[in-house]
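input30.json, holding JSON, C-alpha atoms and all ligand atoms:
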[["chain", "number", "residue", "atom", "x", "y", "z"],
["A", 1176, "MET", "CA", 8.36, 16.57, 114.58],
["A", 1177, "ARG", "CA", 9.29, 16.24, 110.96],
["A", 1178, "VAL", "CA", 11.86, 18.73, 109.62],
["A", 1179, "ILE", "CA", 12.52, 18.97, 105.88],
["A", 1180, "VAL", "CA", 15.65, 20.91, 104.97],
["A", 1181, "LEU", "CA", 14.44, 22.53, 101.76],
["A", 1182, "GLY", "CA", 17.51, 24.68, 101.14],
["A", 1183, "THR", "CA", 20.92, 25.24, 102.74],
["A", 1184, "ALA", "CA", 22.64, 28.07, 100.81],
["A", 1185, "ALA", "CA", 23.08, 31.74, 101.59],
["A", 1186, "GLY", "CA", 21.69, 34.37, 99.23],
["A", 1187, "GLY", "CA", 22.48, 33.60, 95.60],
["A", 1188, "GLY", "CA", 22.56, 29.82, 96.13],
["A", 1189, "VAL", "CA", 25.34, 27.48, 95.04],
["A", 1190, "PRO", "CA", 26.32, 27.97, 92.29],
["A", 1191, "GLN", "CA", 25.44, 31.64, 92.19],
["A", 1192, "TRP", "CA", 24.42, 32.75, 88.69],
["A", 1193, "ASN", "CA", 27.06, 35.49, 88.41],
["A", 1194, "CYS", "CA", 29.88, 33.82, 90.34],
["A", 1195, "ALA", "CA", 32.89, 31.95, 88.97],
["A", 1196, "CYS", "CA", 34.63, 31.38, 92.31],
["A", 1197, "PRO", "CA", 36.31, 27.97, 92.77],
["A", 1198, "THR", "CA", 33.35, 26.47, 94.66],
["A", 1199, "CYS", "CA", 30.72, 27.62, 92.18],
["A", 1200, "GLU", "CA", 32.86, 26.22, 89.35],
["A", 1201, "ALA", "CA", 33.34, 22.91, 91.22],
["A", 1202, "VAL", "CA", 29.57, 22.59, 91.68],
["A", 1203, "ARG", "CA", 29.00, 23.35, 87.98],
["A", 1204, "ALA", "CA", 31.47, 20.53, 87.24],
["A", 1205, "GLY", "CA", 29.53, 18.14, 89.50],
["A", 1206, "ALA", "CA", 32.18, 17.85, 92.24],
["A", 1207, "ALA", "CA", 29.83, 19.01, 95.04],
["A", 1208, "PRO", "CA", 26.04, 19.24, 95.40],
["A", 1209, "ALA", "CA", 24.15, 22.33, 94.24],
["A", 1210, "ARG", "CA", 22.26, 24.13, 97.00],
["A", 1211, "SER", "CA", 19.17, 26.31, 97.02],
["A", 1212, "GLN", "CA", 18.64, 29.19, 99.43],
["A", 1213, "ASP", "CA", 18.02, 28.29, 103.07],
["A", 1214, "CYS", "CA", 14.53, 27.35, 104.13],
["A", 1215, "LEU", "CA", 12.93, 24.61, 106.29],
["A", 1216, "ALA", "CA", 9.51, 22.98, 106.47],
["A", 1217, "ILE", "CA", 8.40, 21.61, 109.84],
["A", 1218, "SER", "CA", 5.39, 19.61, 110.95],
["A", 1219, "ALA", "CA", 4.21, 17.91, 114.14],
["A", 1220, "ASP", "CA", 1.73, 15.61, 112.42],
["A", 1221, "GLY", "CA", 3.16, 15.19, 108.90],
["A", 1222, "ARG", "CA", 0.04, 16.81, 107.40],
["A", 1223, "ASN", "CA", 0.24, 20.49, 108.41],
["A", 1224, "PHE", "CA", 3.49, 22.27, 107.60],
["A", 1225, "HIS", "CA", 5.05, 25.63, 108.42],
["A", 1226, "LEU", "CA", 8.06, 27.14, 106.68],
["A", 1227, "LEU", "CA", 11.00, 28.70, 108.45],
["A", 1228, "ASN", "CA", 11.83, 31.52, 106.05],
["A", 1229, "ALA", "CA", 10.50, 31.82, 102.52],
["A", 1230, "SER", "CA", 13.43, 31.62, 100.13],
["A", 1231, "PRO", "CA", 13.51, 32.96, 96.55],
["A", 1232, "ASP", "CA", 13.70, 29.26, 95.53],
["A", 1233, "ILE", "CA", 10.46, 28.39, 97.31],
["A", 1234, "ARG", "CA", 8.49, 27.35, 94.24],
["A", 1235, "THR", "CA", 11.03, 24.69, 93.23],
["A", 1236, "GLN", "CA", 11.52, 23.68, 96.86],
["A", 1237, "LEU", "CA", 7.76, 23.13, 97.30],
["A", 1238, "THR", "CA", 7.18, 21.38, 93.99],
["A", 1239, "SER", "CA", 10.07, 18.96, 94.54],
["A", 1240, "CYS", "CA", 8.92, 17.94, 98.04],
["A", 1241, "ALA", "CA", 6.29, 15.16, 98.12],
["A", 1242, "ALA", "CA", 5.16, 16.02, 101.66],
["A", 1243, "LEU", "CA", 4.23, 19.54, 100.53],
["A", 1244, "ALA", "CA", 2.24, 18.50, 97.46],
["A", 1245, "PRO", "CA", -1.31, 19.87, 97.27],
["A", 1246, "GLY", "CA", -4.50, 17.81, 97.52],
["A", 1247, "PRO", "CA", -6.72, 15.95, 97.82],
["A", 1248, "GLY", "CA", -8.93, 19.02, 97.28],
["A", 1249, "ALA", "CA", -8.14, 21.07, 94.17],
["A", 1250, "ARG", "CA", -6.70, 23.96, 96.18],
["A", 1251, "GLN", "CA", -5.80, 22.19, 99.41],
["A", 1252, "THR", "CA", -2.25, 22.58, 100.62],
["A", 1253, "PRO", "CA", -0.48, 21.35, 103.75],
["A", 1254, "LEU", "CA", 1.21, 24.77, 104.07],
["A", 1255, "ARG", "CA", -0.25, 26.72, 107.00],
["A", 1256, "GLY", "CA", 2.22, 29.51, 107.67],
["A", 1257, "VAL", "CA", 5.72, 30.93, 107.77],
["A", 1258, "LEU", "CA", 8.09, 31.97, 110.55],
["A", 1259, "LEU", "CA", 10.66, 34.56, 109.44],
["A", 1260, "THR", "CA", 13.97, 34.85, 111.26],
["A", 1261, "ASP", "CA", 14.65, 38.25, 109.62],
["A", 1262, "GLY", "CA", 13.62, 40.43, 106.71],
["A", 1263, "GLU", "CA", 16.52, 39.76, 104.31],
["A", 1264, "LEU", "CA", 15.34, 39.42, 100.71],
["A", 1265, "ASP", "CA", 16.90, 35.94, 100.63],
["A", 1266, "HIS", "CA", 14.51, 34.90, 103.41],
["A", 1267, "THR", "CA", 11.40, 36.77, 102.34],
["A", 1268, "LEU", "CA", 11.22, 37.00, 98.52],
["A", 1269, "GLY", "CA", 9.49, 33.60, 98.54],
["A", 1270, "LEU", "CA", 6.46, 35.22, 100.19],
["A", 1271, "PHE", "CA", 5.66, 36.81, 96.83],
["A", 1272, "GLN", "CA", 5.49, 33.34, 95.29],
["A", 1273, "LEU", "CA", 3.12, 32.14, 97.99],
["A", 1274, "LYS", "CA", 0.62, 34.78, 96.87],
["A", 1275, "GLU", "CA", -1.74, 32.06, 95.59],
["A", 1276, "ALA", "CA", -2.26, 30.81, 99.17],
["A", 1277, "ALA", "CA", -5.16, 32.01, 101.28],
["A", 1278, "GLY", "CA", -5.08, 32.08, 105.05],
["A", 1279, "LEU", "CA", -1.36, 31.85, 105.77],
["A", 1280, "ARG", "CA", -0.07, 33.06, 109.12],
["A", 1281, "VAL", "CA", 3.28, 34.81, 109.04],
["A", 1282, "TRP", "CA", 5.31, 35.42, 112.19],
["A", 1283, "ALA", "CA", 8.22, 37.87, 112.12],
["A", 1284, "PRO", "CA", 9.97, 40.25, 114.50],
["A", 1285, "ASP", "CA", 7.85, 43.44, 114.71],
["A", 1286, "ALA", "CA", 10.39, 45.57, 112.83],
["A", 1287, "VAL", "CA", 10.44, 43.04, 109.99],
["A", 1288, "ALA", "CA", 6.67, 42.65, 109.93],
["A", 1289, "ASN", "CA", 6.39, 46.42, 109.54],
["A", 1290, "THR", "CA", 8.92, 46.84, 106.72],
["A", 1291, "VAL", "CA", 9.08, 43.65, 104.65],
["A", 1292, "PRO", "CA", 7.89, 44.52, 101.10],
["A", 1293, "ALA", "CA", 5.96, 41.28, 100.68],
["A", 1294, "ARG", "CA", 3.49, 42.16, 103.44],
["A", 1295, "GLU", "CA", 2.15, 45.18, 101.62],
["A", 1296, "ILE", "CA", 2.35, 43.75, 98.11],
["A", 1297, "ALA", "CA", 1.50, 40.05, 98.46],
["A", 1298, "GLY", "CA", -1.08, 41.01, 101.10],
["A", 1299, "ARG", "CA", -3.23, 42.50, 98.35],
["A", 1300, "TYR", "CA", -3.78, 39.05, 96.82],
["A", 1301, "HIS", "CA", -4.99, 37.14, 99.88],
["A", 1302, "GLY", "CA", -5.45, 38.34, 103.42],
["A", 1303, "TRP", "CA", -2.72, 36.75, 105.49],
["A", 1304, "GLN", "CA", -2.52, 37.05, 109.25],
["A", 1305, "TRP", "CA", 0.59, 38.57, 110.81],
["A", 1306, "PRO", "CA", 0.27, 37.64, 114.52],
["A", 1307, "GLU", "CA", 2.45, 39.60, 116.90],
["A", 1308, "LEU", "CA", 5.63, 37.69, 117.71],
["A", 1309, "GLU", "CA", 5.41, 36.77, 121.39],
["A", 1310, "SER", "CA", 8.55, 35.44, 123.06],
["A", 1311, "GLU", "CA", 6.77, 32.08, 123.40],
["A", 1312, "PHE", "CA", 3.81, 30.73, 121.48],
["A", 1313, "GLU", "CA", 2.34, 27.52, 120.11],
["A", 1314, "PHE", "CA", 0.92, 26.30, 116.83],
["A", 1315, "ASP", "CA", -0.21, 22.85, 115.68],
["A", 1316, "GLY", "CA", 1.01, 21.31, 118.92],
["A", 1317, "LEU", "CA", 4.54, 22.74, 118.57],
["A", 1318, "ARG", "CA", 6.04, 25.09, 121.16],
["A", 1319, "VAL", "CA", 8.11, 28.03, 119.91],
["A", 1320, "THR", "CA", 10.61, 30.12, 121.86],
["A", 1321, "VAL", "CA", 12.05, 33.25, 120.25],
["A", 1322, "PHE", "CA", 15.63, 34.42, 120.82],
["A", 1323, "PRO", "CA", 16.51, 38.02, 119.80],
["A", 1324, "VAL", "CA", 19.77, 37.71, 117.86],
["A", 1325, "SER", "CA", 20.62, 41.17, 116.54],
["A", 1326, "ASP", "CA", 19.48, 44.52, 115.17],
["A", 1327, "LYS", "CA", 20.96, 43.99, 111.71],
["A", 1328, "GLN", "CA", 18.61, 45.70, 109.25],
["A", 1329, "PRO", "CA", 18.18, 44.60, 105.66],
["A", 1330, "LYS", "CA", 19.67, 47.04, 103.12],
["A", 1331, "TYR", "CA", 16.22, 48.05, 101.87],
["A", 1332, "ALA", "CA", 15.28, 49.05, 105.43],
["A", 1333, "ALA", "CA", 18.62, 50.66, 106.40],
["A", 1334, "GLU", "CA", 16.92, 54.00, 107.15],
["A", 1335, "SER", "CA", 14.24, 52.52, 109.35],
["A", 1336, "THR", "CA", 14.26, 53.72, 112.96],
["A", 1337, "LEU", "CA", 12.03, 50.92, 114.23],
["A", 1338, "PRO", "CA", 13.42, 49.24, 117.34],
["A", 1339, "GLY", "CA", 14.85, 45.72, 117.06],
["A", 1340, "PRO", "CA", 15.26, 42.90, 117.20],
["A", 1341, "TRP", "CA", 15.53, 42.65, 113.42],
["A", 1342, "VAL", "CA", 16.92, 39.13, 113.56],
["A", 1343, "VAL", "CA", 15.74, 36.28, 115.77],
["A", 1344, "ALA", "CA", 16.38, 32.56, 116.19],
["A", 1345, "TYR", "CA", 13.63, 30.04, 116.90],
["A", 1346, "ARG", "CA", 13.59, 27.03, 119.15],
["A", 1347, "ILE", "CA", 10.75, 24.66, 118.31],
["A", 1348, "GLU", "CA", 9.83, 21.81, 120.61],
["A", 1349, "ASP", "CA", 7.48, 18.92, 120.04],
["A", 1350, "PRO", "CA", 6.09, 18.05, 123.49],
["A", 1351, "ALA", "CA", 4.78, 14.74, 122.13],
["A", 1352, "THR", "CA", 8.26, 13.44, 121.30],
["A", 1353, "GLY", "CA", 10.52, 15.69, 123.39],
["A", 1354, "GLY", "CA", 12.38, 16.59, 120.16],
["A", 1355, "SER", "CA", 13.56, 20.14, 119.63],
["A", 1356, "LEU", "CA", 15.08, 22.20, 116.86],
["A", 1357, "VAL", "CA", 16.98, 25.50, 116.86],
["A", 1358, "TYR", "CA", 17.05, 27.55, 113.65],
["A", 1359, "ALA", "CA", 19.61, 30.38, 113.56],
["A", 1360, "PRO", "CA", 20.69, 31.10, 109.97],
["A", 1361, "CYS", "CA", 21.78, 34.71, 110.59],
["A", 1362, "VAL", "CA", 24.25, 35.18, 113.46],
["A", 1363, "ALA", "CA", 26.79, 38.02, 113.33],
["A", 1364, "GLN", "CA", 28.39, 37.25, 116.68],
["A", 1365, "TRP", "CA", 27.76, 34.45, 119.11],
["A", 1366, "PRO", "CA", 24.97, 36.12, 121.10],
["A", 1367, "ALA", "CA", 25.17, 36.19, 124.90],
["A", 1368, "GLY", "CA", 22.92, 33.47, 126.24],
["A", 1369, "PHE", "CA", 22.80, 31.52, 122.98],
["A", 1370, "GLU", "CA", 24.41, 28.41, 124.57],
["A", 1371, "ASP", "CA", 21.58, 28.28, 127.09],
["A", 1372, "PHE", "CA", 19.01, 28.79, 124.32],
["A", 1373, "CYS", "CA", 20.47, 25.80, 122.45],
["A", 1374, "ALA", "CA", 21.07, 23.65, 125.54],
["A", 1375, "GLY", "CA", 19.46, 20.25, 125.25],
["A", 1376, "ALA", "CA", 18.20, 20.86, 121.69],
["A", 1377, "SER", "CA", 18.15, 17.68, 119.60],
["A", 1378, "CYS", "CA", 19.40, 19.57, 116.60],
["A", 1379, "ALA", "CA", 20.53, 23.10, 115.74],
["A", 1380, "LEU", "CA", 20.86, 24.61, 112.27],
["A", 1381, "LEU", "CA", 23.38, 27.40, 112.45],
["A", 1382, "ASP", "CA", 24.68, 30.21, 110.23],
["A", 1383, "GLY", "CA", 27.45, 28.66, 108.11],
["A", 1384, "SER", "CA", 27.91, 31.53, 105.65],
["A", 1385, "PHE", "CA", 31.68, 31.81, 105.90],
["A", 1386, "TYR", "CA", 34.59, 29.69, 107.00],
["A", 1387, "ALA", "CA", 37.10, 32.57, 107.27],
["A", 1388, "PRO", "CA", 36.79, 36.31, 107.98],
["A", 1389, "ASP", "CA", 38.31, 37.28, 104.60],
["A", 1390, "GLU", "CA", 36.97, 34.55, 102.44],
["A", 1391, "MET", "CA", 34.93, 36.62, 99.96],
["A", 1392, "ALA", "CA", 37.99, 38.69, 99.02],
["A", 1393, "ASP", "CA", 40.15, 35.55, 98.70],
["A", 1394, "ALA", "CA", 37.63, 33.47, 96.72],
["A", 1395, "THR", "CA", 36.91, 36.27, 94.26],
["A", 1396, "GLY", "CA", 40.52, 37.39, 93.85],
["A", 1397, "GLY", "CA", 39.73, 40.56, 95.79],
["A", 1398, "GLY", "CA", 36.72, 41.26, 93.55],
["A", 1399, "VAL", "CA", 34.41, 41.20, 96.54],
["A", 1400, "GLY", "CA", 36.34, 42.85, 99.36],
["A", 1401, "SER", "CA", 36.38, 41.92, 103.02],
["A", 1402, "GLY", "CA", 34.40, 45.10, 103.77],
["A", 1403, "ALA", "CA", 31.43, 43.63, 101.94],
["A", 1404, "GLN", "CA", 31.74, 40.40, 103.92],
["A", 1405, "LEU", "CA", 32.04, 42.22, 107.25],
["A", 1406, "ALA", "CA", 28.97, 44.32, 106.43],
["A", 1407, "MET", "CA", 26.98, 41.13, 105.88],
["A", 1408, "GLY", "CA", 27.63, 40.24, 109.51],
["A", 1409, "HIS", "CA", 28.03, 36.49, 109.72],
["A", 1410, "LEU", "CA", 30.18, 34.78, 112.35],
["A", 1411, "PRO", "CA", 32.87, 32.76, 110.54],
["A", 1412, "MET", "CA", 33.41, 29.09, 111.42],
["A", 1413, "ALA", "CA", 37.19, 29.32, 111.92],
["A", 1414, "GLY", "CA", 39.27, 30.71, 114.76],
["A", 1415, "GLU", "CA", 39.13, 30.69, 118.52],
["A", 1416, "HIS", "CA", 35.93, 32.79, 118.55],
["A", 1417, "GLY", "CA", 34.41, 31.10, 115.50],
["A", 1418, "SER", "CA", 31.35, 28.87, 115.55],
["A", 1419, "LEU", "CA", 33.33, 25.61, 115.24],
["A", 1420, "ALA", "CA", 35.05, 26.40, 118.55],
["A", 1421, "ARG", "CA", 31.60, 26.84, 120.14],
["A", 1422, "ILE", "CA", 30.35, 23.61, 118.63],
["A", 1423, "ARG", "CA", 33.35, 21.68, 119.98],
["A", 1424, "ARG", "CA", 32.31, 22.84, 123.45],
["A", 1425, "SER", "CA", 28.63, 21.81, 123.02],
["A", 1426, "PRO", "CA", 28.69, 18.13, 122.05],
["A", 1427, "GLY", "CA", 25.18, 17.34, 123.37],
["A", 1428, "THR", "CA", 23.45, 18.86, 120.34],
["A", 1429, "ARG", "CA", 23.53, 17.73, 116.71],
["A", 1430, "TRP", "CA", 24.92, 20.78, 114.87],
["A", 1431, "LEU", "CA", 24.18, 21.33, 111.21],
["A", 1432, "TYR", "CA", 25.30, 24.31, 109.17],
["A", 1433, "THR", "CA", 22.99, 26.15, 106.81],
["A", 1434, "HIS", "CA", 22.99, 29.50, 104.94],
["A", 1435, "LEU", "CA", 26.25, 28.36, 103.33],
["A", 1436, "ASN", "CA", 27.78, 31.01, 101.11],
["A", 1437, "ASN", "CA", 29.15, 29.83, 97.78],
["A", 1438, "THR", "CA", 32.64, 31.05, 98.73],
["A", 1439, "ASN", "CA", 32.80, 28.72, 101.75],
["A", 1440, "PRO", "CA", 35.56, 26.10, 101.23],
["A", 1441, "VAL", "CA", 33.72, 23.56, 103.44],
["A", 1442, "LEU", "CA", 31.39, 23.01, 100.46],
["A", 1443, "ASP", "CA", 34.22, 21.06, 98.82],
["A", 1444, "PRO", "CA", 33.93, 17.60, 100.44],
["A", 1445, "VAL", "CA", 37.67, 16.91, 100.10],
["A", 1446, "SER", "CA", 38.89, 20.24, 101.53],
["A", 1447, "PRO", "CA", 40.80, 20.44, 104.84],
["A", 1448, "GLU", "CA", 38.15, 22.93, 106.04],
["A", 1449, "HIS", "CA", 35.44, 20.30, 105.48],
["A", 1450, "ALA", "CA", 37.52, 17.77, 107.43],
["A", 1451, "GLU", "CA", 37.88, 20.27, 110.28],
["A", 1452, "LEU", "CA", 34.10, 20.76, 110.36],
["A", 1453, "VAL", "CA", 33.48, 17.02, 110.57],
["A", 1454, "ALA", "CA", 36.16, 16.62, 113.27],
["A", 1455, "ALA", "CA", 34.40, 19.30, 115.33],
["A", 1456, "GLY", "CA", 31.24, 17.17, 115.26],
["A", 1457, "ALA", "CA", 29.30, 19.39, 112.86],
["A", 1458, "GLU", "CA", 27.48, 18.35, 109.68],
["A", 1459, "LEU", "CA", 26.63, 19.81, 106.29],
["A", 1460, "PRO", "CA", 23.10, 18.80, 105.39],
["A", 1461, "VAL", "CA", 22.18, 18.48, 101.71],
["A", 1462, "ASP", "CA", 18.99, 20.00, 100.30],
["A", 1463, "GLY", "CA", 16.04, 17.66, 100.82],
["A", 1464, "MET", "CA", 17.42, 16.01, 103.96],
["A", 1465, "GLU", "CA", 14.81, 15.08, 106.56],
["A", 1466, "LEU", "CA", 15.09, 14.96, 110.33],
["A", 1467, "VAL", "CA", 12.64, 13.32, 112.70],
["A", 1468, "LEU", "CA", 12.94, 14.90, 116.14],
["A", 1501, "LIG", "C1", 22.85, 38.28, 104.50],
["A", 1501, "LIG", "O1", 22.60, 37.10, 104.77],
["A", 1501, "LIG", "O2", 23.73, 38.88, 105.09],
["A", 1501, "LIG", "C2", 22.07, 38.98, 103.49],
["A", 1501, "LIG", "O3", 21.24, 38.07, 102.83],
["A", 1501, "LIG", "C3", 22.96, 39.77, 102.60],
["A", 1501, "LIG", "C4", 22.21, 40.69, 101.68],
["A", 1501, "LIG", "O4", 21.51, 40.18, 100.79],
["A", 1501, "LIG", "O5", 22.33, 41.89, 101.81],
["A", 1502, "MN", "MN", 21.44, 35.85, 103.57],
["A", 1503, "ZN", "ZN", 30.79, 31.50, 93.95]]

Can the structure in the file be given as structure tokens, please?
Amino acid sequence: MRVIVLGTAAGGGVPQWNCACPTCEAVRAGAAPARSQDCLAISADGRNFHLLNASPDIRTQLTSCAALAPGPGARQTPLRGVLLTDGELDHTLGLFQLKEAAGLRVWAPDAVANTVPAREIAGRYHGWQWPELESEFEFDGLRVTVFPVSDKQPKYAAESTLPGPWVVAYRIEDPATGGSLVYAPCVAQWPAGFEDFCAGASCALLDGSFYAPDEMADATGGGVGSGAQLAMGHLPMAGEHGSLARIRRSPGTRWLYTHLNNTNPVLDPVSPEHAELVAAGAELPVDGMELVL
């Protein structure tokens, strides 16, 4: 299985257009790599690809990736479909930009499939299929297992009474190679049973939004308070219940962080927080990185 890490940032990207926090300024100065919003492309055969999430940066992500170039037919594309982990705008706005594509299949938790604006609007351009999300299914020779993560609803769907899950993680296995990938970019708390879901995975991409519980308030001089960060619901890396502590206890899997918020000090490669991440055995992938699993 080929995995192309198209983007690794949380909503807004790094740098974020309206943010002058220390990390965004350091990236503008060239001290750390810029990052687009999190999204993956996966393929069993290197010719047919599916996206995991459709970021607002999808057009640039697709046009800068040779494996996803169209051809040889005038309107042939290797892109076959999209798996959504949730309905957040940062994971679904890219669907609007895929409106030129006919015949895509889009998998999403039921609540998301029934509320995400792109289904109604982009669906008027080309008929896409929205298969029901079974807990296990297959496509293109890959085996998918779905893990319900939480009932966190996007702001635009805050009034919805549809039952969850609103957020899921995917485990994708290639039976031909034995390789497996977990994608979990939106994790508010370490979910019960998540260790077992990840057990034996070759590689897991995990929510790396925040290093510390109060980081948005600190990085913005209090301009963005800790209430806003808490409401976003992302498990911080630090602390005895943080994700780094979990990673230290699960050395069998290659752990990579994604959905990195621009306030996260680990983005600075010479920070002590970055050193702690590396010491825990975790990695920060850069945009464009490829994995063969
Ligand atoms: C999140 O990851 O928590 C969301 O993208 C935040 C939001 O846009 O409301
Ligand atoms: Mn997000
Ligand atoms: Zn910033």

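Nearest to Asn1437 of chain A of all the residues A:Ala1207, A:Ala1457, A:Val1321, A:Val1178 is A:Ala1207, based on only C-alpha atoms.
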
- When distances are computed from all atoms listed in the file, which of A:Glu1448, A:Glu1334, A:Asp1232, A:Asp1265 shows the smallest separation from ligand MN 1502 (chain A)?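 Using all atoms listed in the file, ligand MN 1502 (chain A) sits closest to A:Asp1265.
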
- Please determine the residues with any atom at most 8 Å from (6.6, 17.6, 113.9) (coordinates as given in the file, with all atoms listed in the file counting) and report them as a PyMOL selection string. chain A and resi 1176-1178+1217-1221+1317+1349+1467-1468

Contacts between segment 1384-1400 of chain A and segment 1185-1268 of chain A, please, where a residue of segment 1185-1268 of chain A counts if it comes within 7 Å (with all atoms listed in the file); show its shortest atom pair and distance in Å to one decimal, rows by chain and ascending number, as a tab-separated table.
residue	atom	partner	partner_atom	distance
A:Ala1185	CA	A:Ser1384	CA	6.3
A:Cys1196	CA	A:Ala1394	CA	5.7
A:Pro1197	CA	A:Ala1394	CA	6.9

- Within 6 Å of ligand ZN 1503 (chain A), counting only C-alpha atoms and all ligand atoms: which residues, as a VMD selection string? chain A and resid 1190 to 1191 1194 to 1196 1198 to 1199 1437 to 1438

Output C-alpha atoms of each residue in that selection to a file, as a PDB file, in the coordinates of the input.
ATOM      1  CA  PRO A1190      26.320  27.970  92.290  1.00  0.00           C
ATOM      2  CA  GLN A1191      25.440  31.640  92.190  1.00  0.00           C
ATOM      3  CA  CYS A1194      29.880  33.820  90.340  1.00  0.00           C
ATOM      4  CA  ALA A1195      32.890  31.950  88.970  1.00  0.00           C
ATOM      5  CA  CYS A1196      34.630  31.380  92.310  1.00  0.00           C
ATOM      6  CA  THR A1198      33.350  26.470  94.660  1.00  0.00           C
ATOM      7  CA  CYS A1199      30.720  27.620  92.180  1.00  0.00           C
ATOM      8  CA  ASN A1437      29.150  29.830  97.780  1.00  0.00           C
ATOM      9  CA  THR A1438      32.640  31.050  98.730  1.00  0.00           C
TER      10      THR A1438
END

Dump as CSV the rows for residues of chain A within 12 Å of ligand MN 1502 (chain A): closest atom pair and distance in Å with one decimal, all atoms listed in the file counted, ordered by chain and rising residue number.
residue,atom,partner,partner_atom,distance
A:Thr1183,CA,A:MN1502,MN,10.7
A:Ala1184,CA,A:MN1502,MN,8.3
A:Ala1185,CA,A:MN1502,MN,4.8
A:Gly1186,CA,A:MN1502,MN,4.6
A:Gly1187,CA,A:MN1502,MN,8.3
A:Gly1188,CA,A:MN1502,MN,9.6
A:Ser1211,CA,A:MN1502,MN,11.8
A:Gln1212,CA,A:MN1502,MN,8.3
A:Asp1213,CA,A:MN1502,MN,8.3
A:Cys1214,CA,A:MN1502,MN,11.0
A:Asn1228,CA,A:MN1502,MN,10.8
A:Ala1229,CA,A:MN1502,MN,11.7
A:Ser1230,CA,A:MN1502,MN,9.7
A:Pro1231,CA,A:MN1502,MN,11.0
A:Thr1260,CA,A:MN1502,MN,10.8
A:Asp1261,CA,A:MN1502,MN,9.4
A:Gly1262,CA,A:MN1502,MN,9.6
A:Glu1263,CA,A:MN1502,MN,6.3
A:Leu1264,CA,A:MN1502,MN,7.6
A:Asp1265,CA,A:MN1502,MN,5.4
A:His1266,CA,A:MN1502,MN,7.0
A:Thr1267,CA,A:MN1502,MN,10.2
A:Leu1268,CA,A:MN1502,MN,11.5
A:Lys1327,CA,A:MN1502,MN,11.5
A:Gln1328,CA,A:MN1502,MN,11.7
A:Pro1329,CA,A:MN1502,MN,9.6
A:Lys1330,CA,A:MN1502,MN,11.3
A:Val1342,CA,A:MN1502,MN,11.4
A:Ala1359,CA,A:MN1502,MN,11.5
A:Pro1360,CA,A:MN1502,MN,8.0
A:Cys1361,CA,A:MN1502,MN,7.1
A:Val1362,CA,A:MN1502,MN,10.3
A:Ala1363,CA,A:MN1502,MN,11.3
A:Asp1382,CA,A:MN1502,MN,9.3
A:Gly1383,CA,A:MN1502,MN,10.4
A:Ser1384,CA,A:MN1502,MN,8.1
A:Phe1385,CA,A:MN1502,MN,11.3
A:Gln1404,CA,A:MN1502,MN,11.3
A:Ala1406,CA,A:MN1502,MN,11.7
A:Met1407,CA,A:MN1502,MN,8.0
A:Gly1408,CA,A:MN1502,MN,9.6
A:His1409,CA,A:MN1502,MN,9.0
A:Thr1433,CA,A:MN1502,MN,10.3
A:His1434,CA,A:MN1502,MN,6.7
A:Leu1435,CA,A:MN1502,MN,8.9
A:Asn1436,CA,A:MN1502,MN,8.3
A:Asn1437,CA,A:MN1502,MN,11.4

Per-axis box centre and lengths in Å around ligand LIG 1501 (chain A), 6 Å margin per side, axis-aligned, as lines of an AutoDock Vina configuration file:
center_x = 22.5
center_y = 39.5
center_z = 102.9
size_x = 14.5
size_y = 16.8
size_z = 16.3

- Message: One number please: atom CA of Gly1463 of chain A to atom CA of Gly1182 of chain A, in Å, one decimal.
- Response: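 Answer for the atom CA of Gly1463 of chain A to atom CA of Gly1182 of chain A separation: 7.2 Å.
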
What are the closest atom pairs, with distances in Å to one decimal, for each residue of segment 1266-1307 of chain A lying within 12 Å of segment 1235-1238 of chain A, using only C-alpha atoms, rows by chain and rising residue number, as JSON lines?
{"residue": "A:Gly1269", "atom": "CA", "partner": "A:Gln1236", "partner_atom": "CA", "distance": 10.3}
{"residue": "A:Gln1272", "atom": "CA", "partner": "A:Thr1235", "partner_atom": "CA", "distance": 10.5}
{"residue": "A:Leu1273", "atom": "CA", "partner": "A:Leu1237", "partner_atom": "CA", "distance": 10.2}

- Message: To one decimal place in Å, what is the distance between atom CA of Val1257 of chain A and atom CA of Arg1280 of chain A?
- Response: 6.3 Å

- Using only C-alpha atoms, give me every residue within 8 Å of (14.7, 45.0, 114.4) in file coordinates, as a PyMOL selection string. chain A and resi 1284-1287+1325-1328+1337-1342

Write the selection just made, keeping C-alpha atoms, as an mmCIF file, in the frame of the given file?
data_model
loop_
_atom_site.group_PDB
_atom_site.id
_atom_site.type_symbol
_atom_site.label_atom_id
_atom_site.label_comp_id
_atom_site.auth_asym_id
_atom_site.auth_seq_id
_atom_site.Cartn_x
_atom_site.Cartn_y
_atom_site.Cartn_z
ATOM 1 C CA PRO A 1284 9.970 40.250 114.500
ATOM 2 C CA ASP A 1285 7.850 43.440 114.710
ATOM 3 C CA ALA A 1286 10.390 45.570 112.830
ATOM 4 C CA VAL A 1287 10.440 43.040 109.990
ATOM 5 C CA SER A 1325 20.620 41.170 116.540
ATOM 6 C CA ASP A 1326 19.480 44.520 115.170
ATOM 7 C CA LYS A 1327 20.960 43.990 111.710
ATOM 8 C CA GLN A 1328 18.610 45.700 109.250
ATOM 9 C CA LEU A 1337 12.030 50.920 114.230
ATOM 10 C CA PRO A 1338 13.420 49.240 117.340
ATOM 11 C CA GLY A 1339 14.850 45.720 117.060
ATOM 12 C CA PRO A 1340 15.260 42.900 117.200
ATOM 13 C CA TRP A 1341 15.530 42.650 113.420
ATOM 14 C CA VAL A 1342 16.920 39.130 113.560
#

- Item | Å distance separating atom CA of Glu1200 of chain A from atom CA of Ala1454 of chain A, one decimal place | 26.0 Å
